[in-house]
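Structure data (mmCIF, N, CA, C and O atoms) from coords.cif:
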data_coords
#
loop_
_atom_site.label_atom_id
_atom_site.label_comp_id
_atom_site.auth_asym_id
_atom_site.auth_seq_id
_atom_site.Cartn_x
_atom_site.Cartn_y
_atom_site.Cartn_z
N MET A 791 66.54 81.17 -8.41
CA MET A 791 65.14 81.39 -8.07
C MET A 791 64.62 80.15 -7.34
O MET A 791 64.91 79.03 -7.73
N SER A 792 63.85 80.37 -6.30
CA SER A 792 63.33 79.26 -5.51
C SER A 792 62.21 78.53 -6.27
O SER A 792 61.60 79.08 -7.19
N ILE A 793 61.95 77.31 -5.85
CA ILE A 793 60.87 76.53 -6.46
C ILE A 793 59.55 77.25 -6.27
O ILE A 793 58.72 77.29 -7.19
N ARG A 794 59.35 77.84 -5.11
CA ARG A 794 58.09 78.54 -4.84
C ARG A 794 57.88 79.67 -5.83
O ARG A 794 56.79 79.83 -6.39
N CYS A 795 58.91 80.46 -6.08
CA CYS A 795 58.81 81.57 -7.04
C CYS A 795 58.57 81.05 -8.45
O CYS A 795 57.80 81.64 -9.22
N THR A 796 59.21 79.96 -8.78
CA THR A 796 59.04 79.35 -10.10
C THR A 796 57.60 78.90 -10.29
O THR A 796 56.98 79.17 -11.33
N VAL A 797 57.05 78.23 -9.28
CA VAL A 797 55.66 77.76 -9.36
C VAL A 797 54.70 78.95 -9.45
O VAL A 797 53.79 78.96 -10.29
N GLU A 798 54.90 79.95 -8.63
CA GLU A 798 54.03 81.13 -8.65
C GLU A 798 54.07 81.82 -10.00
O GLU A 798 53.02 82.20 -10.55
N SER A 799 55.25 81.97 -10.55
CA SER A 799 55.39 82.65 -11.85
C SER A 799 54.74 81.84 -12.96
O SER A 799 54.01 82.39 -13.80
N ALA A 800 54.99 80.54 -13.00
CA ALA A 800 54.40 79.69 -14.03
C ALA A 800 52.88 79.68 -13.92
O ALA A 800 52.17 79.77 -14.93
N PHE A 801 52.38 79.60 -12.69
CA PHE A 801 50.93 79.61 -12.48
C PHE A 801 50.34 80.93 -12.96
O PHE A 801 49.32 80.94 -13.66
N PHE A 802 50.97 82.05 -12.60
CA PHE A 802 50.47 83.36 -13.00
C PHE A 802 50.46 83.51 -14.52
O PHE A 802 49.50 84.04 -15.09
N ILE A 803 51.51 83.05 -15.17
CA ILE A 803 51.58 83.12 -16.64
C ILE A 803 50.43 82.33 -17.26
O ILE A 803 49.72 82.82 -18.14
N ALA A 804 50.25 81.10 -16.80
CA ALA A 804 49.19 80.24 -17.35
C ALA A 804 47.81 80.81 -17.07
O ALA A 804 46.96 80.88 -17.96
N TRP A 805 47.58 81.24 -15.85
CA TRP A 805 46.28 81.80 -15.47
C TRP A 805 45.97 83.04 -16.29
O TRP A 805 44.86 83.18 -16.83
N SER A 806 46.92 83.94 -16.41
CA SER A 806 46.72 85.18 -17.16
C SER A 806 46.42 84.89 -18.63
O SER A 806 45.53 85.52 -19.22
N PHE A 807 47.14 83.93 -19.20
CA PHE A 807 46.89 83.58 -20.59
C PHE A 807 45.48 83.04 -20.77
O PHE A 807 44.76 83.46 -21.69
N LEU A 808 45.07 82.11 -19.92
CA LEU A 808 43.73 81.53 -20.03
C LEU A 808 42.66 82.59 -19.81
O LEU A 808 41.62 82.59 -20.48
N GLU A 809 42.90 83.51 -18.89
CA GLU A 809 41.95 84.58 -18.62
C GLU A 809 41.81 85.50 -19.84
O GLU A 809 40.69 85.82 -20.25
N GLN A 810 42.93 85.91 -20.41
CA GLN A 810 42.90 86.81 -21.56
C GLN A 810 42.31 86.16 -22.80
O GLN A 810 41.69 86.84 -23.63
N SER A 811 42.48 84.86 -22.93
CA SER A 811 41.96 84.15 -24.10
C SER A 811 40.50 83.76 -23.93
O SER A 811 39.89 83.25 -24.87
N GLY A 812 39.95 83.96 -22.74
CA GLY A 812 38.56 83.61 -22.48
C GLY A 812 38.34 82.13 -22.20
O GLY A 812 37.21 81.66 -22.19
N GLU A 813 39.41 81.40 -21.97
CA GLU A 813 39.32 79.96 -21.73
C GLU A 813 39.26 79.59 -20.26
O GLU A 813 39.11 78.42 -19.93
N LEU A 814 39.40 80.56 -19.39
CA LEU A 814 39.46 80.29 -17.96
C LEU A 814 38.17 79.63 -17.51
O LEU A 814 37.07 80.11 -17.77
N GLY A 815 38.30 78.51 -16.84
CA GLY A 815 37.15 77.78 -16.34
C GLY A 815 36.82 78.19 -14.92
O GLY A 815 37.27 79.24 -14.45
N PRO A 816 36.07 77.35 -14.20
CA PRO A 816 35.79 77.63 -12.80
C PRO A 816 37.11 77.80 -12.04
O PRO A 816 38.02 76.98 -12.21
N PRO A 817 37.23 78.84 -11.23
CA PRO A 817 38.51 79.15 -10.59
C PRO A 817 39.16 78.00 -9.82
O PRO A 817 40.35 77.74 -9.99
N ASP A 818 38.41 77.31 -8.99
CA ASP A 818 38.98 76.21 -8.20
C ASP A 818 39.47 75.08 -9.09
O ASP A 818 40.57 74.55 -8.91
N GLU A 819 38.66 74.71 -10.06
CA GLU A 819 39.01 73.62 -10.96
C GLU A 819 40.23 73.99 -11.81
O GLU A 819 41.16 73.20 -11.96
N THR A 820 40.23 75.20 -12.33
CA THR A 820 41.35 75.67 -13.15
C THR A 820 42.64 75.68 -12.34
O THR A 820 43.68 75.20 -12.81
N ALA A 821 42.57 76.22 -11.14
CA ALA A 821 43.76 76.29 -10.29
C ALA A 821 44.30 74.90 -9.99
O ALA A 821 45.52 74.67 -10.06
N ASN A 822 43.42 73.97 -9.69
CA ASN A 822 43.86 72.61 -9.38
C ASN A 822 44.53 71.94 -10.57
O ASN A 822 45.57 71.29 -10.42
N VAL A 823 43.96 72.10 -11.76
CA VAL A 823 44.53 71.49 -12.95
C VAL A 823 45.90 72.10 -13.25
O VAL A 823 46.86 71.38 -13.53
N LEU A 824 46.00 73.42 -13.18
CA LEU A 824 47.27 74.08 -13.46
C LEU A 824 48.34 73.66 -12.46
O LEU A 824 49.46 73.32 -12.85
N LEU A 825 47.99 73.68 -11.18
CA LEU A 825 48.98 73.32 -10.16
C LEU A 825 49.39 71.85 -10.25
O LEU A 825 50.57 71.53 -10.06
N ASP A 826 48.45 70.97 -10.54
CA ASP A 826 48.79 69.55 -10.70
C ASP A 826 49.75 69.35 -11.86
O ASP A 826 50.71 68.57 -11.77
N ALA A 827 49.50 70.06 -12.96
CA ALA A 827 50.37 69.94 -14.13
C ALA A 827 51.77 70.48 -13.84
O ALA A 827 52.77 69.88 -14.22
N ILE A 828 51.82 71.61 -13.15
CA ILE A 828 53.12 72.20 -12.79
C ILE A 828 53.87 71.28 -11.85
O ILE A 828 55.07 71.03 -12.02
N GLU A 829 53.18 70.74 -10.85
CA GLU A 829 53.82 69.83 -9.89
C GLU A 829 54.37 68.59 -10.58
O GLU A 829 55.49 68.15 -10.28
N ALA A 830 53.61 68.02 -11.50
CA ALA A 830 54.06 66.83 -12.22
C ALA A 830 55.34 67.11 -13.00
O ALA A 830 56.26 66.29 -13.04
N GLN A 831 55.41 68.29 -13.60
CA GLN A 831 56.61 68.65 -14.36
C GLN A 831 57.81 68.88 -13.45
O GLN A 831 58.94 68.52 -13.78
N LEU A 832 57.56 69.48 -12.29
CA LEU A 832 58.65 69.71 -11.34
C LEU A 832 59.26 68.39 -10.90
O LEU A 832 60.47 68.29 -10.70
N LYS A 833 58.43 67.38 -10.74
CA LYS A 833 58.91 66.06 -10.32
C LYS A 833 59.82 65.43 -11.37
O LYS A 833 60.63 64.57 -11.04
N THR A 834 59.68 65.86 -12.63
CA THR A 834 60.54 65.32 -13.69
C THR A 834 61.78 66.19 -13.89
O THR A 834 62.61 65.87 -14.73
N GLY A 835 61.87 67.28 -13.12
CA GLY A 835 63.06 68.12 -13.19
C GLY A 835 62.91 69.40 -13.98
O GLY A 835 63.85 70.19 -14.06
N GLU A 836 61.75 69.64 -14.57
CA GLU A 836 61.55 70.87 -15.34
C GLU A 836 61.52 72.08 -14.40
O GLU A 836 60.86 72.04 -13.38
N ARG A 837 62.23 73.13 -14.78
CA ARG A 837 62.28 74.34 -13.96
C ARG A 837 62.05 75.62 -14.76
O ARG A 837 61.99 76.70 -14.20
N ARG A 838 61.92 75.50 -16.07
CA ARG A 838 61.72 76.68 -16.91
C ARG A 838 60.27 77.16 -16.79
O ARG A 838 59.34 76.40 -17.08
N GLN A 839 60.11 78.40 -16.40
CA GLN A 839 58.77 78.94 -16.12
C GLN A 839 57.84 78.86 -17.33
O GLN A 839 56.68 78.47 -17.19
N LEU A 840 58.33 79.28 -18.49
CA LEU A 840 57.46 79.27 -19.67
C LEU A 840 57.08 77.86 -20.08
O LEU A 840 55.94 77.62 -20.52
N MET A 841 57.99 76.93 -19.95
CA MET A 841 57.67 75.55 -20.27
C MET A 841 56.64 75.01 -19.29
O MET A 841 55.67 74.35 -19.70
N LEU A 842 56.82 75.29 -18.01
CA LEU A 842 55.84 74.87 -17.01
C LEU A 842 54.47 75.46 -17.33
O LEU A 842 53.45 74.77 -17.27
N ALA A 843 54.44 76.74 -17.65
CA ALA A 843 53.17 77.42 -17.94
C ALA A 843 52.52 76.87 -19.19
O ALA A 843 51.32 76.58 -19.21
N ASN A 844 53.29 76.71 -20.25
CA ASN A 844 52.73 76.23 -21.52
C ASN A 844 52.17 74.82 -21.39
O ASN A 844 51.08 74.52 -21.91
N ARG A 845 52.88 73.97 -20.70
CA ARG A 845 52.39 72.59 -20.52
C ARG A 845 51.18 72.56 -19.58
O ARG A 845 50.30 71.71 -19.74
N ALA A 846 51.13 73.46 -18.62
CA ALA A 846 49.97 73.54 -17.73
C ALA A 846 48.75 74.01 -18.53
O ALA A 846 47.64 73.51 -18.32
N ILE A 847 48.95 74.95 -19.44
CA ILE A 847 47.85 75.41 -20.31
C ILE A 847 47.36 74.25 -21.17
O ILE A 847 46.15 74.03 -21.30
N ASP A 848 48.29 73.49 -21.75
CA ASP A 848 47.91 72.32 -22.55
C ASP A 848 47.13 71.31 -21.71
O ASP A 848 46.13 70.74 -22.17
N ALA A 849 47.57 71.10 -20.48
CA ALA A 849 46.88 70.16 -19.58
C ALA A 849 45.47 70.66 -19.28
O ALA A 849 44.51 69.88 -19.25
N PHE A 850 45.33 71.97 -19.06
CA PHE A 850 44.00 72.52 -18.78
C PHE A 850 43.10 72.37 -20.00
O PHE A 850 41.93 72.01 -19.87
N ARG A 851 43.62 72.66 -21.18
CA ARG A 851 42.82 72.53 -22.39
C ARG A 851 42.37 71.08 -22.59
O ARG A 851 41.22 70.84 -22.99
N ALA A 852 43.24 70.13 -22.34
CA ALA A 852 42.88 68.71 -22.46
C ALA A 852 41.80 68.36 -21.44
O ALA A 852 40.84 67.65 -21.76
N HIS A 853 41.96 68.85 -20.23
CA HIS A 853 40.98 68.60 -19.17
C HIS A 853 39.63 69.21 -19.56
O HIS A 853 38.59 68.55 -19.40
N ALA A 854 39.64 70.42 -20.06
CA ALA A 854 38.40 71.10 -20.44
C ALA A 854 37.72 70.38 -21.59
O ALA A 854 36.49 70.26 -21.61
N ALA A 855 38.49 69.87 -22.54
CA ALA A 855 37.92 69.15 -23.68
C ALA A 855 37.24 67.86 -23.23
O ALA A 855 36.20 67.48 -23.77
N LYS A 856 37.80 67.19 -22.23
CA LYS A 856 37.20 65.96 -21.71
C LYS A 856 35.97 66.25 -20.86
O LYS A 856 35.06 65.43 -20.79
N SER A 857 35.97 67.40 -20.21
CA SER A 857 34.91 67.72 -19.25
C SER A 857 33.62 68.20 -19.90
O SER A 857 32.55 68.01 -19.35
N ARG A 858 33.72 68.83 -21.05
CA ARG A 858 32.50 69.37 -21.66
C ARG A 858 31.94 68.39 -22.67
O ARG A 858 32.68 67.74 -23.40
N PRO A 859 30.62 68.32 -22.73
CA PRO A 859 30.00 67.43 -23.72
C PRO A 859 30.24 67.97 -25.13
O PRO A 859 30.40 69.17 -25.32
N SER A 860 30.26 67.10 -26.07
CA SER A 860 30.51 67.52 -27.45
C SER A 860 29.32 68.30 -27.98
O SER A 860 28.24 67.76 -28.17
N GLN A 861 29.52 69.58 -28.21
CA GLN A 861 28.46 70.41 -28.74
C GLN A 861 28.29 70.20 -30.24
O GLN A 861 27.22 70.41 -30.78
N GLU A 862 29.35 69.75 -30.90
CA GLU A 862 29.27 69.51 -32.32
C GLU A 862 28.28 68.40 -32.62
O GLU A 862 27.60 68.43 -33.64
N ALA A 863 28.16 67.41 -31.74
CA ALA A 863 27.24 66.32 -31.97
C ALA A 863 25.79 66.81 -31.91
O ALA A 863 24.95 66.33 -32.65
N ARG A 864 25.53 67.79 -31.08
CA ARG A 864 24.17 68.30 -30.94
C ARG A 864 23.83 69.30 -32.05
O ARG A 864 22.71 69.37 -32.49
N PHE A 865 24.81 70.10 -32.45
CA PHE A 865 24.53 71.18 -33.40
C PHE A 865 25.06 70.91 -34.79
O PHE A 865 24.81 71.67 -35.69
N GLY A 866 25.85 69.84 -34.93
CA GLY A 866 26.52 69.55 -36.19
C GLY A 866 25.60 69.09 -37.24
O GLY A 866 25.50 69.30 -38.35
#

Please render this file's structure as structure tokens.
Amino acid sequence: MSIRCTVESAFFIAWSFLEQSGELGPPDETANVLLDAIEAQLKTGERRQLMLANRAIDAFRAHAAKSRPSQEARFG
């Protein structure tokens, strides 16, 4: 499988998961975070689609947690 197909598949898996779970953020921002995470993993030699997707999801969740203000502090 080509790198392009691997990236497309991993991106689709991650995007679909985030969409179904209701975690999908702004489309441009989400796409950039997912693709950056996938690219970083490819540079280290990772080629497994599910691993790429899962780590991209983790990267997006970390990014989203840093980006939003703590609501617990206001409502806690």

Gap from CA of Gln839 in chain A to CA of Ala800 in chain A - Å, one decimal: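 It comes out at 4.9 Å.
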
Using only C-alpha atoms: which of A:Ile847, A:Ile828, A:Val823, A:Leu814 has the shortest distance to Glu798 in chain A: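 When distances to Glu798 in chain A are compared using only C-alpha atoms, the smallest one comes from A:Ile828.
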
Which of A:Phe802, A:Ala854, A:Asn844, A:Arg837 sits closest to Gly815 in chain A [using only N, CA, C and O atoms]: A:Ala854

All residues 12 Å or closer to Val797 in chain A, only C-alpha atoms, same chain fewer than 2 positions away omitted, as number ranges by chain: A: 791-795, 799-805, 824-832, 836-843, 846

Atomic distance atom N of His853 in chain A - atom O of Lys833 in chain A, expressed in Å with one decimal: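 Between atom N of His853 in chain A and atom O of Lys833 in chain A the gap works out to 21.2 Å.
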
Gap from atom C of Glu819 in chain A to atom C of Thr834 in chain A - Å, one decimal: 23.0 Å
